[in-house]
Amino acid sequence: MLFDPDFMRKLERLTLVARKAFPGVMKGEKRSPKRGSSVEFADFREYTPGDDFRYVDWNVYGRLDKLFLKMFVEEEDLHFYVLLDASESMTFGEPRKIDYARRIAAALGYIALTNLDRVAMYSFSRSLDRPFRMSRGRQSAGRLFAYLEGIEAGGQTSLNAALGRFAAQTRRPGIVAVISDFLDPAGYEAGLTALIGRNYEVNVIHVLDEQELHPELAGDLRLLDAETGETREVTISGSLMSRYERNLEAFCSGLQGYCAARAIGYVRTSTAFPFEELVLYYLRRGKLLK
């Protein structure tokens, strides 16, 4: 079981944060750029023949001798997508990165479903795998959890190909959360840029294992790349470990800086970080949740 009932009740008090407005489909709880008849005023526009006189602002007419209609922000449902890295590198660690990441995906999905948002999820390695198709409402949570528990990690990563394919095939924009270790030699820039180019609001959740951040290694070792099978013999020394940690921090800072320059939300976490604290506090500070 991904969560206990007490934690699920805490999740039900949260909601996703949309930094910009998206067009929705059904009446829900998120702000839409459409103009409707909710209680929150948005703007005026000039009257045209056939418009409903009930929305004419007669006070403005009295001052300007021209007919203007009041427009209001309409609250509609949000489209929320999770792209979950299920490549072989995500099987590393204890707990495995994939298990920690799937719990993040489940928590975000459950929050969205309980707020009447529309939720879809995809796992990916070299490309997109079988999706959890767009669903709405709390009654879909059981199917969502079963989908996530059924994901098996394996294969090489191709972030750019997977994210690019998602951007090309998905028609309705919304919030996208990409959950990954981002350990792809080919990079991530093209994939994230493809999402931005299709008007998605992108959030990156960068998951690493504590042994990747601070390896406890020494002596002569043969290192194996879990995805390519390549090996390399190295002698681990204090200076080498210091250089590794500097390079890793430069990689993480580079990803964070890339995101900041493009208004992409970024949160980095270790699998050693308490999961409930990550969701209930850290993601809220990252402005993905409130």
# chains A, B, ... in the order shown; residues from 1 in each chain; ligands from 1
>>> select_by_dssp(residues="segment 181-261 of chain A", states="alpha helix (DSSP H)", output="PyMOL selection string")
chain A and resi 189-197+210-213+238-261
>>> residues_around(residues="Leu183 of chain A", least_positions_apart="5", cutoff="10 Å", atoms="only C-alpha atoms", output="list in words")
Ser87, Ser89, Met90, Thr157, Ser158, Leu159, Tyr188, His206, Leu208 and Phe251 of chain A
>>> write_last_selection(atoms="N, CA and C atoms", output="short mmCIF file (atom, residue, chain, number, x, y, z; two decimals), in the first residue's frame")
data_model
loop_
_atom_site.label_atom_id
_atom_site.label_comp_id
_atom_site.auth_asym_id
_atom_site.auth_seq_id
_atom_site.Cartn_x
_atom_site.Cartn_y
_atom_site.Cartn_z
N SER A 87 13.47 4.23 -15.90
CA SER A 87 14.66 3.62 -16.51
C SER A 87 15.43 2.82 -15.46
N SER A 89 18.36 3.15 -14.17
CA SER A 89 19.07 3.89 -13.13
C SER A 89 18.17 4.21 -11.94
N MET A 90 16.86 4.20 -12.16
CA MET A 90 15.93 4.50 -11.07
C MET A 90 15.76 3.31 -10.11
N THR A 157 17.68 5.39 -20.41
CA THR A 157 16.94 6.65 -20.37
C THR A 157 17.12 7.41 -21.68
N SER A 158 16.03 8.04 -22.14
CA SER A 158 16.13 9.05 -23.20
C SER A 158 15.12 10.14 -22.86
N LEU A 159 15.56 11.03 -21.97
CA LEU A 159 14.67 12.09 -21.51
C LEU A 159 14.15 12.93 -22.67
N TYR A 188 18.88 16.89 -20.95
CA TYR A 188 17.45 17.07 -20.69
C TYR A 188 16.89 18.32 -21.35
N HIS A 206 13.55 16.34 -8.80
CA HIS A 206 14.84 15.68 -9.05
C HIS A 206 15.14 14.74 -7.89
N LEU A 208 17.36 11.78 -6.17
CA LEU A 208 18.64 11.10 -6.12
C LEU A 208 18.73 10.27 -4.84
N PHE A 251 26.35 19.52 -11.71
CA PHE A 251 25.27 18.99 -12.54
C PHE A 251 23.91 19.40 -11.97
#
>>> atom_distance(atom1="atom CA of Glu212 of chain A", atom2="atom CA of Gly265 of chain A")
22.6 Å
>>> residues_around(residues="segment 275-281 of chain A", least_positions_apart="6", cutoff="9 Å", atoms="only C-alpha atoms", output="ChimeraX atom specification")
/A:7,10-11,14,100,103-104,107-108,269,289-290
>>> write_last_selection(atoms="C-alpha atoms", output="PDB file, in the first residue's frame")
ATOM      1  CA  PHE A   7      -1.652  10.516   5.358  1.00  0.00           C
ATOM      2  CA  LYS A  10      -3.640  15.134   5.045  1.00  0.00           C
ATOM      3  CA  LEU A  11      -3.290  15.068   1.253  1.00  0.00           C
ATOM      4  CA  LEU A  14      -3.822  20.263  -0.304  1.00  0.00           C
ATOM      5  CA  TYR A 100      10.256   6.864  -3.774  1.00  0.00           C
ATOM      6  CA  ARG A 103       4.966   7.603  -4.077  1.00  0.00           C
ATOM      7  CA  ILE A 104       5.506  11.241  -5.068  1.00  0.00           C
ATOM      8  CA  ALA A 107       0.518  11.768  -3.748  1.00  0.00           C
ATOM      9  CA  LEU A 108       0.340  14.442  -6.440  1.00  0.00           C
ATOM     10  CA  THR A 269      15.277  15.511  -2.933  1.00  0.00           C
ATOM     11  CA  LEU A 289       1.158  22.669  -3.738  1.00  0.00           C
ATOM     12  CA  LYS A 290      -0.728  24.809  -1.270  1.00  0.00           C
TER      13      LYS A 290
END
>>> residues_around(residues="Val207 of chain A", least_positions_apart="4", cutoff="12 Å", atoms="only C-alpha atoms", output="PyMOL selection string")
chain A and resi 84-85+89-93+95-105+178-183+212-213+252+266-273+275+278
>>> write_last_selection(atoms="N, CA and C atoms", output="tab-separated table (two decimals), in the first residue's frame")
chain	number	residue	atom	x	y	z
A	84	LEU	N	6.95	9.97	-15.24
A	84	LEU	CA	7.74	9.27	-14.23
A	84	LEU	C	8.85	8.46	-14.89
A	85	ASP	N	10.08	8.77	-14.55
A	85	ASP	CA	11.25	8.06	-15.07
A	85	ASP	C	11.26	6.64	-14.51
A	89	SER	N	18.36	3.15	-14.17
A	89	SER	CA	19.07	3.89	-13.13
A	89	SER	C	18.17	4.21	-11.94
A	90	MET	N	16.86	4.20	-12.16
A	90	MET	CA	15.93	4.50	-11.07
A	90	MET	C	15.76	3.31	-10.11
A	91	THR	N	16.36	2.15	-10.43
A	91	THR	CA	16.29	1.00	-9.52
A	91	THR	C	17.38	1.04	-8.45
A	92	PHE	N	18.24	2.04	-8.52
A	92	PHE	CA	19.36	2.13	-7.58
A	92	PHE	C	18.88	2.60	-6.21
A	93	GLY	N	19.53	2.10	-5.16
A	93	GLY	CA	19.34	2.63	-3.82
A	93	GLY	C	18.40	1.80	-2.97
A	95	PRO	N	15.63	3.05	0.05
A	95	PRO	CA	14.67	2.55	-0.94
A	95	PRO	C	15.08	2.92	-2.36
A	96	ARG	N	14.61	2.14	-3.31
A	96	ARG	CA	14.93	2.43	-4.71
A	96	ARG	C	14.34	3.79	-5.11
A	97	LYS	N	15.05	4.46	-5.98
A	97	LYS	CA	14.55	5.76	-6.44
A	97	LYS	C	13.18	5.63	-7.08
A	98	ILE	N	12.92	4.56	-7.83
A	98	ILE	CA	11.63	4.39	-8.50
A	98	ILE	C	10.51	4.26	-7.47
A	99	ASP	N	10.77	3.61	-6.35
A	99	ASP	CA	9.72	3.45	-5.33
A	99	ASP	C	9.42	4.78	-4.64
A	100	TYR	N	10.45	5.54	-4.36
A	100	TYR	CA	10.26	6.86	-3.77
A	100	TYR	C	9.53	7.77	-4.76
A	101	ALA	N	9.93	7.70	-6.03
A	101	ALA	CA	9.33	8.55	-7.06
A	101	ALA	C	7.87	8.19	-7.31
A	102	ARG	N	7.54	6.90	-7.29
A	102	ARG	CA	6.14	6.52	-7.54
A	102	ARG	C	5.23	6.99	-6.40
A	103	ARG	N	5.76	7.08	-5.19
A	103	ARG	CA	4.97	7.60	-4.08
A	103	ARG	C	4.72	9.11	-4.25
A	104	ILE	N	5.71	9.82	-4.76
A	104	ILE	CA	5.51	11.24	-5.07
A	104	ILE	C	4.41	11.38	-6.12
A	105	ALA	N	4.50	10.56	-7.18
A	105	ALA	CA	3.49	10.61	-8.25
A	105	ALA	C	2.11	10.29	-7.70
A	178	VAL	N	7.69	16.37	-13.96
A	178	VAL	CA	8.66	15.38	-14.44
A	178	VAL	C	9.45	14.89	-13.23
A	179	ILE	N	9.32	13.60	-12.91
A	179	ILE	CA	9.98	13.02	-11.74
A	179	ILE	C	11.08	12.09	-12.24
A	180	SER	N	12.34	12.42	-11.98
A	180	SER	CA	13.45	11.69	-12.58
A	180	SER	C	14.73	11.96	-11.81
A	181	ASP	N	15.75	11.09	-12.02
A	181	ASP	CA	17.09	11.40	-11.52
A	181	ASP	C	17.87	12.25	-12.52
A	182	PHE	N	17.34	12.38	-13.74
A	182	PHE	CA	17.92	13.21	-14.81
A	182	PHE	C	19.33	12.77	-15.19
A	183	LEU	N	19.66	11.51	-14.91
A	183	LEU	CA	20.99	10.99	-15.23
A	183	LEU	C	20.97	10.42	-16.65
A	212	GLU	N	24.34	8.21	-4.02
A	212	GLU	CA	24.79	8.98	-5.18
A	212	GLU	C	25.31	10.35	-4.75
A	213	LEU	N	24.67	10.91	-3.75
A	213	LEU	CA	25.09	12.22	-3.27
A	213	LEU	C	26.37	12.14	-2.45
A	252	CYS	N	23.73	19.22	-10.67
A	252	CYS	CA	22.45	19.57	-10.05
A	252	CYS	C	22.20	21.07	-10.13
A	266	TYR	N	11.43	23.76	-9.64
A	266	TYR	CA	12.48	22.76	-9.39
A	266	TYR	C	12.54	22.42	-7.91
A	267	VAL	N	12.53	21.12	-7.62
A	267	VAL	CA	12.73	20.62	-6.26
A	267	VAL	C	13.67	19.43	-6.35
A	268	ARG	N	14.72	19.44	-5.54
A	268	ARG	CA	15.64	18.30	-5.47
A	268	ARG	C	15.44	17.59	-4.14
A	269	THR	N	15.43	16.26	-4.17
A	269	THR	CA	15.28	15.51	-2.93
A	269	THR	C	16.11	14.25	-2.97
A	270	SER	N	16.44	13.77	-1.80
A	270	SER	CA	17.11	12.49	-1.63
A	270	SER	C	16.09	11.47	-1.13
A	271	THR	N	16.29	10.22	-1.49
A	271	THR	CA	15.39	9.17	-1.00
A	271	THR	C	15.50	9.00	0.51
A	272	ALA	N	16.53	9.57	1.11
A	272	ALA	CA	16.66	9.52	2.57
A	272	ALA	C	15.81	10.60	3.25
A	273	PHE	N	15.31	11.54	2.47
A	273	PHE	CA	14.50	12.62	3.05
A	273	PHE	C	13.12	12.07	3.40
A	275	PHE	N	9.51	11.16	3.46
A	275	PHE	CA	8.58	11.37	2.36
A	275	PHE	C	7.44	12.30	2.73
A	278	LEU	N	8.51	15.82	2.67
A	278	LEU	CA	8.69	16.31	1.30
A	278	LEU	C	7.38	16.81	0.72
>>> select_by_dssp(residues="segment 48-178 of chain A", states="strand (DSSP E)", output="PyMOL selection string")
chain A and resi 68-76+79-85+118-124+132-136+175-178
>>> closest_residue(among="A:Ala162, A:His214, A:Thr170, A:Ile205", to="Arg243 of chain A", atoms="only C-alpha atoms")
A:His214
>>> atom_distance(atom1="atom CA of Gly142 of chain A", atom2="atom CA of Lys287 of chain A")
26.5 Å
>>> closest_residue(among="A:Ile111, A:Ala86, A:Val204, A:Leu148", to="Gly257 of chain A", atoms="only C-alpha atoms")
A:Val204
>>> residues_around(residues="Asp225 of chain A", least_positions_apart="4", cutoff="10 Å", atoms="only C-alpha atoms", output="list in words")
Glu88, Ser89, Gly229, Glu230, Thr231 and Arg232 of chain A
>>> atom_distance(atom1="atom CA of Val202 of chain A", atom2="atom CA of Val176 of chain A")
4.9 Å
>>> residues_around(residues="Asn160 of chain A", least_positions_apart="5", cutoff="12 Å", atoms="only C-alpha atoms", output="VMD selection string")
chain A and resid 85 124 to 128 165 to 168 178 182 to 195
>>> decode(residues="segment 207-218 of chain A", atoms="N, CA and C atoms", output="PDB file, in the first residue's frame")
ATOM      1  N   VAL A 207      15.087  13.430  -8.156  1.00  0.00           N
ATOM      2  CA  VAL A 207      15.217  12.411  -7.113  1.00  0.00           C
ATOM      3  C   VAL A 207      16.573  11.719  -7.236  1.00  0.00           C
ATOM      4  N   LEU A 208      17.358  11.780  -6.174  1.00  0.00           N
ATOM      5  CA  LEU A 208      18.644  11.095  -6.119  1.00  0.00           C
ATOM      6  C   LEU A 208      18.733  10.269  -4.843  1.00  0.00           C
ATOM      7  N   ASP A 209      19.584   9.250  -4.877  1.00  0.00           N
ATOM      8  CA  ASP A 209      19.806   8.415  -3.708  1.00  0.00           C
ATOM      9  C   ASP A 209      20.943   9.001  -2.881  1.00  0.00           C
ATOM     10  N   GLU A 210      20.887   8.761  -1.583  1.00  0.00           N
ATOM     11  CA  GLU A 210      21.919   9.308  -0.696  1.00  0.00           C
ATOM     12  C   GLU A 210      23.309   8.796  -1.055  1.00  0.00           C
ATOM     13  N   GLN A 211      23.409   7.545  -1.553  1.00  0.00           N
ATOM     14  CA  GLN A 211      24.705   7.001  -1.948  1.00  0.00           C
ATOM     15  C   GLN A 211      25.226   7.652  -3.228  1.00  0.00           C
ATOM     16  N   GLU A 212      24.341   8.213  -4.018  1.00  0.00           N
ATOM     17  CA  GLU A 212      24.793   8.979  -5.180  1.00  0.00           C
ATOM     18  C   GLU A 212      25.306  10.345  -4.747  1.00  0.00           C
ATOM     19  N   LEU A 213      24.666  10.905  -3.752  1.00  0.00           N
ATOM     20  CA  LEU A 213      25.087  12.221  -3.266  1.00  0.00           C
ATOM     21  C   LEU A 213      26.372  12.135  -2.449  1.00  0.00           C
ATOM     22  N   HIS A 214      26.497  11.103  -1.624  1.00  0.00           N
ATOM     23  CA  HIS A 214      27.666  10.965  -0.740  1.00  0.00           C
ATOM     24  C   HIS A 214      28.095   9.485  -0.717  1.00  0.00           C
ATOM     25  N   PRO A 215      28.771   9.022  -1.776  1.00  0.00           N
ATOM     26  CA  PRO A 215      29.142   7.605  -1.848  1.00  0.00           C
ATOM     27  C   PRO A 215      30.130   7.211  -0.748  1.00  0.00           C
ATOM     28  N   GLU A 216      29.933   6.022  -0.229  1.00  0.00           N
ATOM     29  CA  GLU A 216      30.868   5.470   0.749  1.00  0.00           C
ATOM     30  C   GLU A 216      31.679   4.387   0.051  1.00  0.00           C
ATOM     31  N   LEU A 217      32.670   4.829  -0.716  1.00  0.00           N
ATOM     32  CA  LEU A 217      33.479   3.928  -1.528  1.00  0.00           C
ATOM     33  C   LEU A 217      34.952   4.176  -1.232  1.00  0.00           C
ATOM     34  N   ALA A 218      35.763   3.132  -1.418  1.00  0.00           N
ATOM     35  CA  ALA A 218      37.206   3.265  -1.223  1.00  0.00           C
ATOM     36  C   ALA A 218      37.902   2.109  -1.922  1.00  0.00           C
TER      37      ALA A 218
END
